[in-house]
file start-v7.csv (CSV, C-alpha atoms)
chain,number,residue,atom,x,y,z
G,1,MET,CA,19.7,17.1,17.1
G,2,MET,CA,21.6,14.1,15.9
G,3,ARG,CA,19.5,11.9,18.2
G,4,ALA,CA,16.3,13.3,16.7
G,5,GLU,CA,17.6,12.6,13.2
G,6,ARG,CA,18.5,9.1,14.2
G,7,ALA,CA,15.0,8.6,15.6
G,8,ASP,CA,13.7,9.0,12.1
G,9,PHE,CA,15.4,5.7,11.1
G,10,GLY,CA,12.9,3.6,13.1
G,11,ARG,CA,13.7,-0.1,12.8
G,12,PHE,CA,16.7,0.9,10.5
G,13,SER,CA,18.5,2.7,13.4
G,14,ASP,CA,20.7,-0.2,14.3
G,15,PRO,CA,21.5,-1.3,10.8
G,16,ALA,CA,22.4,2.3,10.0
G,17,LEU,CA,24.9,2.4,12.8
G,18,LEU,CA,26.4,-0.9,11.7
G,19,ILE,CA,26.7,0.4,8.1
G,20,LEU,CA,28.4,3.6,9.2
G,21,SER,CA,30.8,1.6,11.3
G,22,SER,CA,31.5,-0.7,8.3
G,23,LEU,CA,32.1,2.2,5.9
G,24,ALA,CA,34.4,3.9,8.5
G,25,SER,CA,37.2,1.5,7.3
G,26,GLY,CA,36.7,2.4,3.7
G,27,PRO,CA,34.2,2.2,0.8
G,28,LYS,CA,32.3,-1.1,0.3
G,29,HIS,CA,29.5,-2.5,-1.8
G,30,GLY,CA,26.4,-4.2,-0.4
G,31,TYR,CA,27.6,-7.7,0.0
G,32,ALA,CA,31.0,-6.6,1.3
G,33,MET,CA,29.2,-4.5,4.0
G,34,MET,CA,27.0,-7.5,5.0
G,35,GLU,CA,30.1,-9.7,5.4
G,36,ASP,CA,32.0,-7.1,7.3
G,37,ILE,CA,29.1,-6.4,9.6
G,38,ARG,CA,28.7,-10.1,10.2
G,39,GLN,CA,32.3,-10.5,11.1
G,40,PHE,CA,32.7,-7.5,13.5
G,41,SER,CA,29.2,-7.6,15.2
G,42,GLY,CA,27.8,-11.1,14.5
G,43,THR,CA,24.7,-9.4,13.0
G,44,HIS,CA,23.3,-11.0,9.9
G,45,LEU,CA,21.8,-8.2,7.8
G,46,GLU,CA,19.4,-9.2,5.1
G,47,PRO,CA,19.5,-7.3,1.8
G,48,GLY,CA,16.0,-5.8,2.2
G,49,THR,CA,17.0,-4.2,5.5
G,50,LEU,CA,20.5,-3.2,4.2
G,51,TYR,CA,19.1,-1.3,1.3
G,52,GLY,CA,16.3,0.3,3.4
G,53,ALA,CA,19.0,1.7,5.7
G,54,LEU,CA,21.4,2.6,2.8
G,55,ALA,CA,18.5,4.7,1.2
G,56,ARG,CA,18.0,6.5,4.5
G,57,LEU,CA,21.7,7.2,5.0
G,58,GLU,CA,22.1,8.4,1.4
G,59,HIS,CA,19.0,10.6,1.8
G,60,ARG,CA,20.5,12.2,5.0
G,61,GLY,CA,23.8,12.7,3.1
G,62,TRP,CA,25.7,10.5,5.6
G,63,ILE,CA,27.0,8.2,2.9
G,64,GLU,CA,27.4,8.6,-0.9
G,65,PRO,CA,27.5,6.2,-3.8
G,66,LEU,CA,30.6,5.8,-5.9
G,67,PRO,CA,30.6,4.8,-9.6
G,68,ALA,CA,29.4,1.2,-10.0
G,69,ASP,CA,32.0,-1.5,-10.4
G,70,GLU,CA,30.3,-3.8,-12.9
G,71,ARG,CA,26.9,-4.1,-11.3
G,72,ARG,CA,28.1,-3.6,-7.7
G,73,ARG,CA,28.0,0.0,-6.4
G,74,PRO,CA,30.3,0.9,-3.5
G,75,TYR,CA,29.4,3.5,-0.9
G,76,ARG,CA,31.6,5.7,1.2
G,77,LEU,CA,31.1,7.7,4.4
G,78,THR,CA,30.8,11.4,4.0
G,79,GLY,CA,32.1,14.1,6.4
G,80,VAL,CA,28.6,14.6,7.9
G,81,GLY,CA,28.3,10.8,8.3
G,82,ALA,CA,31.6,10.5,10.1
G,83,THR,CA,30.5,13.3,12.5
G,84,ALA,CA,27.2,11.5,13.1
G,85,LEU,CA,29.1,8.2,13.8
G,86,ARG,CA,31.5,9.9,16.1
G,87,GLU,CA,28.7,11.5,18.1
G,88,GLN,CA,26.9,8.2,18.3
G,89,VAL,CA,30.0,6.3,19.4
G,90,ALA,CA,30.6,9.0,22.1
G,91,THR,CA,27.0,8.5,23.4
G,92,MET,CA,27.4,4.8,23.5
G,93,ARG,CA,30.8,5.1,25.3
G,94,ARG,CA,29.1,7.3,28.0
G,95,ILE,CA,26.4,4.6,28.4
G,96,VAL,CA,28.9,1.8,28.6
G,97,THR,CA,31.0,3.7,31.2
G,98,VAL,CA,27.9,4.5,33.4
G,99,ALA,CA,26.5,1.0,33.1
G,100,SER,CA,29.9,-0.5,34.0
G,101,GLU,CA,30.2,1.8,37.0
G,102,ARG,CA,26.7,0.9,38.2
G,103,LEU,CA,27.0,-2.8,37.8
G,104,PRO,CA,28.1,-4.6,41.0
G,105,ASP,CA,31.4,-6.4,40.5
G,106,ALA,CA,31.0,-10.1,39.6
T,107,MET,CA,18.5,-26.8,-5.8
T,108,MET,CA,16.9,-24.9,-2.8
T,109,GLN,CA,19.2,-22.0,-3.4
T,110,ARG,CA,18.1,-21.8,-7.0
T,111,HIS,CA,14.5,-21.5,-5.8
T,112,TYR,CA,15.3,-18.8,-3.3
T,113,LYS,CA,17.2,-16.9,-6.0
T,114,ARG,CA,14.3,-17.0,-8.3
T,115,TRP,CA,11.9,-15.9,-5.6
T,116,THR,CA,14.1,-13.1,-4.4
T,117,LEU,CA,14.4,-11.7,-8.0
T,118,ARG,CA,10.6,-11.9,-8.3
T,119,LEU,CA,10.2,-10.0,-5.0
T,120,LEU,CA,12.4,-7.2,-6.3
T,121,ARG,CA,9.6,-6.5,-8.8
T,122,CYS,CA,7.4,-5.6,-5.8
T,123,TYR,CA,9.5,-2.5,-5.1
T,124,PRO,CA,8.3,0.8,-6.6
T,125,ARG,CA,9.6,1.4,-10.2
T,126,ALA,CA,11.7,4.4,-9.1
T,127,TRP,CA,13.3,2.3,-6.4
T,128,ARG,CA,14.1,-0.5,-8.9
T,129,GLU,CA,15.6,2.0,-11.3
T,130,ARG,CA,18.0,3.2,-8.6
T,131,TYR,CA,18.8,0.1,-6.5
T,132,ALA,CA,17.6,-3.1,-8.3
T,133,GLU,CA,20.8,-3.8,-10.2
T,134,GLU,CA,23.1,-3.6,-7.2
T,135,MET,CA,20.5,-5.4,-5.0
T,136,GLU,CA,20.4,-8.2,-7.6
T,137,ALA,CA,24.2,-8.4,-7.5
T,138,THR,CA,24.1,-8.6,-3.7
T,139,LEU,CA,21.4,-11.2,-3.7
T,140,ASN,CA,23.4,-13.3,-6.2
T,141,GLN,CA,26.2,-13.5,-3.7
T,142,HIS,CA,24.0,-13.9,-0.6
T,143,GLU,CA,22.8,-17.3,0.7
T,144,GLY,CA,19.0,-16.9,0.6
T,145,THR,CA,16.7,-18.2,3.3
T,146,VAL,CA,13.0,-17.7,4.1
T,147,MET,CA,14.1,-14.7,6.2
T,148,THR,CA,15.6,-13.1,3.0
T,149,LEU,CA,12.2,-13.4,1.3
T,150,VAL,CA,10.3,-11.9,4.3
T,151,ASP,CA,12.9,-9.2,4.6
T,152,LEU,CA,12.5,-8.3,0.9
T,153,LEU,CA,8.7,-8.1,1.3
T,154,ARG,CA,9.1,-5.8,4.3
T,155,GLY,CA,11.6,-3.7,2.4
T,156,ALA,CA,9.3,-3.4,-0.6
T,157,LEU,CA,6.4,-2.3,1.6
T,158,ASP,CA,8.7,0.2,3.3
T,159,ALA,CA,9.9,1.6,0.0
T,160,HIS,CA,6.2,2.1,-1.1
T,161,LEU,CA,5.5,3.9,2.2
T,162,HIS,CA,8.6,6.2,2.0
T,163,PRO,CA,8.9,7.3,-1.7
T,164,SER,CA,10.6,10.5,-0.5
T,165,LEU,CA,13.7,8.5,0.5
T,166,LEU,CA,14.8,8.3,-3.1
T,167,PRO,CA,17.2,11.0,-4.4
T,168,ASP,CA,15.5,14.2,-5.6
T,169,GLY,CA,14.3,14.0,-9.2
T,170,SER,CA,14.4,10.2,-9.4
T,171,ILE,CA,10.6,10.3,-9.2
T,172,PRO,CA,9.0,13.0,-11.3
T,173,ALA,CA,6.4,15.1,-9.4
T,174,ALA,CA,3.6,14.0,-11.8
T,175,ARG,CA,4.3,10.3,-10.9
T,176,ARG,CA,4.2,11.1,-7.2
T,177,VAL,CA,0.9,12.9,-7.6
T,178,ARG,CA,-0.5,10.0,-9.6
T,179,ASN,CA,0.7,7.5,-7.0
T,180,SER,CA,-1.3,9.5,-4.4
T,181,GLU,CA,-4.3,9.3,-6.7
T,182,ILE,CA,-3.9,5.5,-7.0
T,183,ALA,CA,-3.8,5.3,-3.2
T,184,ILE,CA,-7.1,7.3,-3.0
T,185,PHE,CA,-8.7,5.0,-5.5
T,186,CYS,CA,-7.6,2.0,-3.4
T,187,ALA,CA,-9.0,3.8,-0.3
T,188,PHE,CA,-12.3,4.2,-2.2
T,189,ALA,CA,-12.4,0.5,-3.1
T,190,LEU,CA,-11.9,-0.3,0.7
T,191,PHE,CA,-14.6,2.2,1.6
T,192,SER,CA,-17.0,0.6,-0.8
T,193,VAL,CA,-16.4,-2.8,0.7
T,194,ALA,CA,-17.8,-1.5,4.0
T,195,TRP,CA,-20.4,0.9,2.5
T,196,LEU,CA,-22.2,-1.6,0.3
T,197,PRO,CA,-23.3,-4.1,3.0
T,198,LEU,CA,-24.5,-1.1,5.1
T,199,GLN,CA,-27.2,-0.6,2.5
T,200,GLY,CA,-28.9,-3.8,3.9
T,201,ILE,CA,-29.9,-1.9,7.0
T,202,ARG,CA,-33.3,-1.1,5.4
T,203,ASP,CA,-34.0,-4.7,4.7
T,204,PRO,CA,-36.6,-5.8,5.9
T,205,LEU,CA,-38.3,-2.4,5.4
T,206,PRO,CA,-40.9,-2.7,8.2
T,207,ILE,CA,-38.2,-3.1,10.9
T,208,TRP,CA,-36.3,-0.2,9.5
T,209,GLU,CA,-39.5,2.0,9.3
T,210,ASN,CA,-40.5,1.1,12.9
T,211,ALA,CA,-37.0,2.0,14.1
T,212,VAL,CA,-36.6,5.3,12.3
T,213,GLN,CA,-40.1,6.7,12.7
T,214,PRO,CA,-39.7,7.7,16.3
T,215,HIS,CA,-36.0,8.7,15.7
T,216,PRO,CA,-35.6,10.7,12.5
T,217,GLU,CA,-32.0,11.4,13.4
T,218,ILE,CA,-31.2,7.7,12.4
T,219,ARG,CA,-32.6,8.3,8.9
T,220,ALA,CA,-30.7,11.6,8.7
T,221,ALA,CA,-27.4,9.9,9.6
T,222,PHE,CA,-28.1,7.1,7.1
T,223,ASP,CA,-28.9,9.6,4.4
T,224,VAL,CA,-25.5,11.3,5.0
T,225,VAL,CA,-23.8,7.9,4.7
T,226,GLN,CA,-25.6,7.3,1.4
T,227,ILE,CA,-24.9,10.7,0.0
T,228,ALA,CA,-21.3,10.5,1.0
T,229,GLY,CA,-20.9,7.1,-0.8
T,230,PHE,CA,-22.5,8.5,-4.0
T,231,VAL,CA,-20.5,11.7,-4.0
T,232,ALA,CA,-17.3,9.7,-3.5
T,233,PHE,CA,-18.3,7.4,-6.4
T,234,LEU,CA,-19.1,10.3,-8.7
T,235,ALA,CA,-15.9,12.1,-7.8
T,236,ILE,CA,-13.8,8.9,-8.5
T,237,ALA,CA,-15.6,8.5,-11.8
T,238,ALA,CA,-15.1,12.2,-12.7
T,239,GLY,CA,-11.4,11.9,-12.0
T,240,GLY,CA,-10.8,8.3,-13.2
T,241,LEU,CA,-12.8,8.1,-16.5
T,242,PRO,CA,-11.0,10.9,-18.4
T,243,TYR,CA,-7.7,9.5,-17.1
T,244,LEU,CA,-8.6,6.0,-18.4
T,245,ALA,CA,-9.7,7.5,-21.7
T,246,LEU,CA,-6.4,9.3,-22.1
T,247,LEU,CA,-4.5,6.0,-21.2
T,248,ALA,CA,-6.5,4.0,-23.8
T,249,ARG,CA,-5.9,6.7,-26.5
T,250,ARG,CA,-2.1,6.8,-25.8
T,251,ALA,CA,-1.9,3.1,-25.7
T,252,VAL,CA,-3.4,2.8,-29.2
T,253,CYS,CA,-1.1,5.5,-30.5
T,254,ASP,CA,2.0,3.8,-28.9
T,255,ARG,CA,0.7,0.4,-30.1
T,256,ARG,CA,0.8,-1.1,-26.6
T,257,ARG,CA,-1.2,-4.2,-26.0
T,258,ASP,CA,-0.9,-4.6,-22.2
T,259,ILE,CA,-2.9,-1.4,-21.3
T,260,PRO,CA,-6.0,-2.0,-23.5
T,261,LEU,CA,-6.0,-5.6,-22.3
T,262,LEU,CA,-6.0,-4.5,-18.7
T,263,LEU,CA,-8.7,-1.9,-19.3
T,264,THR,CA,-11.0,-4.6,-20.8
T,265,VAL,CA,-10.9,-6.6,-17.5
T,266,PRO,CA,-13.7,-4.5,-15.8
T,267,PHE,CA,-15.9,-4.9,-18.8
T,268,LEU,CA,-15.2,-8.7,-19.0
T,269,ALA,CA,-15.9,-8.9,-15.2
T,270,MET,CA,-19.3,-7.1,-15.7
T,271,ALA,CA,-20.2,-9.3,-18.6
T,272,LEU,CA,-19.4,-12.5,-16.6
T,273,LEU,CA,-21.4,-11.2,-13.6
T,274,ALA,CA,-24.4,-10.4,-15.8
T,275,ALA,CA,-24.2,-13.9,-17.4
T,276,TYR,CA,-24.0,-15.6,-14.0
T,277,GLY,CA,-26.8,-13.4,-12.6
T,278,LEU,CA,-29.1,-14.4,-15.5
T,279,LEU,CA,-28.3,-18.1,-15.2
T,280,ALA,CA,-28.7,-18.0,-11.4
T,281,SER,CA,-31.9,-15.9,-11.4
T,282,SER,CA,-33.6,-18.3,-13.8
T,283,THR,CA,-33.0,-21.1,-11.4
T,284,TRP,CA,-34.2,-19.0,-8.4
T,285,THR,CA,-37.4,-17.9,-10.4
T,286,GLN,CA,-38.1,-21.6,-11.3
T,287,ARG,CA,-37.7,-22.6,-7.7
T,288,GLN,CA,-39.9,-19.8,-6.3
T,289,THR,CA,-42.6,-20.4,-8.9
T,290,ALA,CA,-42.7,-24.2,-8.4
T,291,ALA,CA,-42.3,-24.3,-4.6
T,292,PRO,CA,-42.2,-20.9,-2.8
T,293,ASP,CA,-42.2,-22.4,0.7
T,294,ALA,CA,-39.7,-25.2,0.0
T,295,PRO,CA,-36.4,-25.1,2.0
T,296,PHE,CA,-33.3,-23.9,0.1
T,297,THR,CA,-31.6,-26.6,-1.8
T,298,LEU,CA,-27.8,-27.1,-1.8
T,299,ARG,CA,-27.7,-25.9,-5.4
T,300,ALA,CA,-29.6,-22.6,-4.5
T,301,VAL,CA,-27.3,-21.9,-1.6
T,302,ALA,CA,-24.2,-22.7,-3.7
T,303,LEU,CA,-25.5,-20.3,-6.4
T,304,GLN,CA,-26.0,-17.5,-3.9
T,305,PHE,CA,-22.5,-17.9,-2.4
T,306,GLY,CA,-21.2,-18.2,-6.0
T,307,LEU,CA,-22.7,-14.8,-6.8
T,308,LEU,CA,-21.1,-13.2,-3.7
T,309,ALA,CA,-17.7,-14.7,-4.6
T,310,MET,CA,-18.1,-13.6,-8.2
T,311,ILE,CA,-18.9,-10.0,-7.1
T,312,ALA,CA,-15.9,-9.9,-4.8
T,313,LEU,CA,-13.6,-11.4,-7.5
T,314,ALA,CA,-14.9,-9.0,-10.2
T,315,ALA,CA,-14.4,-6.0,-7.9
T,316,VAL,CA,-10.9,-7.0,-6.8
T,317,GLY,CA,-9.8,-8.0,-10.3
T,318,SER,CA,-11.2,-4.9,-11.9
T,319,ALA,CA,-9.7,-2.5,-9.4
T,320,ALA,CA,-6.3,-4.4,-9.6
T,321,ALA,CA,-6.4,-4.2,-13.5
T,322,ILE,CA,-7.1,-0.5,-13.5
T,323,ILE,CA,-4.4,0.2,-10.9
T,324,LEU,CA,-1.9,-1.8,-13.0
T,325,ALA,CA,-2.9,-0.1,-16.2
T,326,VAL,CA,-2.4,3.4,-14.6
T,327,ALA,CA,0.8,2.4,-12.9
T,328,ARG,CA,2.3,1.0,-16.1
T,329,SER,CA,1.7,4.1,-18.1
T,330,GLU,CA,3.7,7.3,-18.2
T,331,PRO,CA,2.0,9.9,-16.0
T,332,ASP,CA,0.5,13.0,-17.6
T,333,ALA,CA,1.2,16.1,-15.5
T,334,ARG,CA,-1.9,18.1,-16.5
T,335,MET,CA,-4.2,15.1,-16.0
T,336,ALA,CA,-2.6,14.3,-12.6
T,337,ARG,CA,-3.1,17.9,-11.5
T,338,TYR,CA,-6.8,17.9,-12.6
T,339,ALA,CA,-7.5,14.5,-11.0
T,340,LEU,CA,-6.4,15.9,-7.6
T,341,ILE,CA,-9.6,18.0,-7.5
T,342,PRO,CA,-12.1,15.1,-7.7
T,343,ALA,CA,-9.7,13.1,-5.5
T,344,THR,CA,-10.1,15.9,-2.8
T,345,VAL,CA,-13.9,15.7,-3.1
T,346,ALA,CA,-13.8,11.9,-2.8
T,347,THR,CA,-11.6,12.1,0.2
T,348,LEU,CA,-13.8,14.6,2.0
T,349,ALA,CA,-16.9,12.5,1.1
T,350,MET,CA,-15.2,9.4,2.7
T,351,VAL,CA,-14.3,11.3,5.8
T,352,PHE,CA,-17.9,12.6,6.2
T,353,GLY,CA,-19.2,9.1,5.3
T,354,TRP,CA,-17.1,7.6,8.1
T,355,LEU,CA,-18.2,10.3,10.6
T,356,ALA,CA,-21.9,9.7,9.7
T,357,THR,CA,-21.5,6.0,10.0
T,358,LEU,CA,-20.0,6.5,13.5
T,359,MET,CA,-23.0,8.6,14.4
T,360,LEU,CA,-25.3,6.0,12.9
T,361,GLY,CA,-23.6,3.3,14.9
T,362,MET,CA,-24.0,5.2,18.2
T,363,LEU,CA,-27.7,6.0,17.4
T,364,THR,CA,-28.5,2.4,16.7
T,365,ILE,CA,-26.9,1.3,19.9
T,366,MET,CA,-28.9,3.8,21.9
T,367,GLU,CA,-32.2,4.0,20.1
T,368,ALA,CA,-32.6,1.0,17.7
T,369,PRO,CA,-31.0,-2.3,18.9
T,370,PRO,CA,-32.5,-4.3,16.0
T,371,LEU,CA,-30.4,-2.4,13.5
T,372,ARG,CA,-27.3,-2.5,15.6
T,373,SER,CA,-25.7,-5.5,13.9
T,374,PHE,CA,-25.4,-3.6,10.6
T,375,VAL,CA,-23.0,-0.9,11.9
T,376,ASP,CA,-20.4,-3.1,13.7
T,377,VAL,CA,-16.7,-2.6,14.5
T,378,PRO,CA,-15.3,-4.2,11.3
T,379,VAL,CA,-17.5,-1.8,9.2
T,380,LEU,CA,-16.3,1.2,11.2
T,381,PHE,CA,-12.7,0.1,11.1
T,382,LEU,CA,-12.7,-0.5,7.4
T,383,MET,CA,-14.3,2.9,6.6
T,384,GLY,CA,-12.0,4.7,9.1
T,385,SER,CA,-8.9,3.0,7.6
T,386,ALA,CA,-10.1,3.9,4.1
T,387,ALA,CA,-10.7,7.6,5.1
T,388,ALA,CA,-7.3,7.8,6.9
T,389,LEU,CA,-5.5,6.3,3.9
T,390,ALA,CA,-7.2,8.8,1.5
T,391,VAL,CA,-6.4,11.7,3.8
T,392,ILE,CA,-2.7,10.7,4.0
T,393,ALA,CA,-2.5,10.2,0.2
T,394,LEU,CA,-4.2,13.5,-0.5
T,395,HIS,CA,-1.9,15.3,1.8
T,396,ARG,CA,1.1,13.8,-0.1
T,397,GLY,CA,-0.4,14.6,-3.5
T,398,LEU,CA,-1.2,18.2,-2.6
T,399,ARG,CA,2.3,18.7,-1.2
T,400,GLN,CA,3.9,17.3,-4.3
T,401,ARG,CA,1.7,19.6,-6.5
T,402,ALA,CA,2.7,22.6,-4.4
T,403,GLY,CA,6.3,21.6,-4.5

call {"tool": "encode", "arguments": {"input": "start-v7.csv", "output": "structure tokens"}}
result
Amino acid sequence: MMRAERADFGRFSDPALLILSSLASGPKHGYAMMEDIRQFSGTHLEPGTLYGALARLEHRGWIEPLPADERRRPYRLTGVGATALREQVATMRRIVTVASERLPDA
Amino acid sequence: MMQRHYKRWTLRLLRCYPRAWRERYAEEMEATLNQHEGTVMTLVDLLRGALDAHLHPSLLPDGSIPAARRVRNSEIAIFCAFALFSVAWLPLQGIRDPLPIWENAVQPHPEIRAAFDVVQIAGFVAFLAIAAGGLPYLALLARRAVCDRRRDIPLLLTVPFLAMALLAAYGLLASSTWTQRQTAAPDAPFTLRAVALQFGLLAMIALAAVGSAAAIILAVARSEPDARMARYALIPATVATLAMVFGWLATLMLGMLTIMEAPPLRSFVDVPVLFLMGSAAALAVIALHRGLRQRAG
């Protein structure tokens, strides 16, 4: 179910995962998310992609906007969003475990 | 210096996003862009984002785009599809020129004439439907703009008339030159001036068509949608869409018949014509589907 929902994200699938991971440590506004994502993953998200993914996540109810601080609006992870992230992380962990087991030792 | 240029361009590109999107996200995007170090990739990414936002209007929170505006946006898309359809349909009319070749080809194969008749009828029906839906809409816009003392909408609505006047003036000037040439030396080779005038006319027609369509779209998009008019316009929009689909199918049939039975006519129904018509019909069907869903919702 969750995988089918994530398939709807298209090219925004990876940015969405990065955003959810960033918001897992607390609410952030657009630029703070971009900086955080760059630091923990090395991915340089551009604003057009960021807001495309934010709109999709908000539409799904996985994140929600908070009152704007001056012109910057922070977002936070919702309960449904946290569940989606947990499931995604579990899937990725399984993939990493299998891949590590199958790779011959260096 | 370079950063200042990027900032200016990124802010300009934000205007390419749909209005409802800008109302919801532009302020915070602007704040993010002010802190972000812009590159060419930022500009490309914003363009892609704007296109994506136009293609996925349902992503915005419920109620941020009124249903009437969504229906109207679908109708604008159908108008764009019709403009695209016309670009392919008009040159197809040259298939009967020269007439003797056409007559020789269709006399033993009346099915070619029948397919072409369907293409023509479909084009005319689509045109009449677009006019039936569009003219009352434009009249309402003009009346409202006068009441609201807006200048931009009447100015935009005058663009098609100006374009037609310019075309007529150019046609008159050019035709007098051609007539003089044909009278003085009917067998003389074409001069550079005559060729330039012919290409100039083609360029003027294309420019007038694109400019007029863009001005009409801009005028409609800038005005507040009218729910009753948007609902009414869906009826002729449905007729226009069906006509475009039938027109495309008939052109496909015409193309196959010319390949099999009339090779001299084959070049008129080529892949670009079929592709353009097919794309226009597909765009219209998608837009109509969205419009009808919004109306039902």

call {"tool": "interface_residues", "arguments": {"input": "start-v7.csv", "of": "chain G", "to": "chain T", "cutoff": "12 Å", "atoms": "all atoms listed in the file", "output": "ChimeraX atom specification"}}
result
/G:8-12,28-35,44-61,64-65,67-75

call {"tool": "atom_distance", "arguments": {"input": "start-v7.csv", "atom1": "atom CA of T:Thr357", "atom2": "atom CA of T:Ala339"}}
result
26.6 Å

call {"tool": "residues_around", "arguments": {"input": "start-v7.csv", "residues": "stretch 176-190 of chain T", "least_positions_apart": "5", "cutoff": "10 Å", "atoms": "all atoms listed in the file", "output": "VMD selection string"}}
result
chain T and resid 160 163 to 164 171 195 229 232 to 233 236 to 237 239 to 240 315 to 316 319 to 320 322 to 324 326 to 327 330 to 333 335 to 337 339 to 340 342 to 344 346 to 347 350 382 to 401

call {"tool": "closest_residue", "arguments": {"input": "start-v7.csv", "among": "T:Ala221, T:Ala275, T:Leu358, T:Ala312", "to": "T:Ser192", "atoms": "all atoms listed in the file"}}
result
T:Ala312

call {"tool": "axis_aligned_box", "arguments": {"input": "start-v7.csv", "around": "stretch 241-256 of chain T", "padding_each_side": "8 Å", "output": "JSON"}}
result
{"center_x": -5.4, "center_y": 4.9, "center_z": -23.5, "size_x": 30.8, "size_y": 28.0, "size_z": 30.0}

call {"tool": "closest_residue", "arguments": {"input": "start-v7.csv", "among": "G:Leu66, G:Ser41, G:Ala84, G:Leu77", "to": "G:Ser25", "atoms": "all atoms listed in the file"}}
result
G:Leu77

call {"tool": "atom_distance", "arguments": {"input": "start-v7.csv", "atom1": "atom CA of T:Phe305", "atom2": "atom CA of T:Leu380"}}
result
24.3 Å

call {"tool": "atom_distance", "arguments": {"input": "start-v7.csv", "atom1": "atom CA of T:Trp354", "atom2": "atom CA of T:Val225"}}
result
7.5 Å

call {"tool": "closest_residue", "arguments": {"input": "start-v7.csv", "among": "T:Asp376, T:Val301, T:Gln199, T:Ala173", "to": "T:Ile227", "atoms": "all atoms listed in the file"}}
result
T:Gln199

call {"tool": "closest_residue", "arguments": {"input": "start-v7.csv", "among": "T:Ala228, T:Ala211, T:Cys122, T:Leu308", "to": "T:Val351", "atoms": "only C-alpha atoms"}}
result
T:Ala228

call {"tool": "closest_residue", "arguments": {"input": "start-v7.csv", "among": "T:Leu307, T:Ala321, T:Leu263, T:Arg202", "to": "T:Ile218", "atoms": "all atoms listed in the file"}}
result
T:Arg202

call {"tool": "closest_residue", "arguments": {"input": "start-v7.csv", "among": "G:Asp36, G:Ile63, G:Val98, G:Ser22", "to": "G:Thr78", "atoms": "only C-alpha atoms"}}
result
G:Ile63
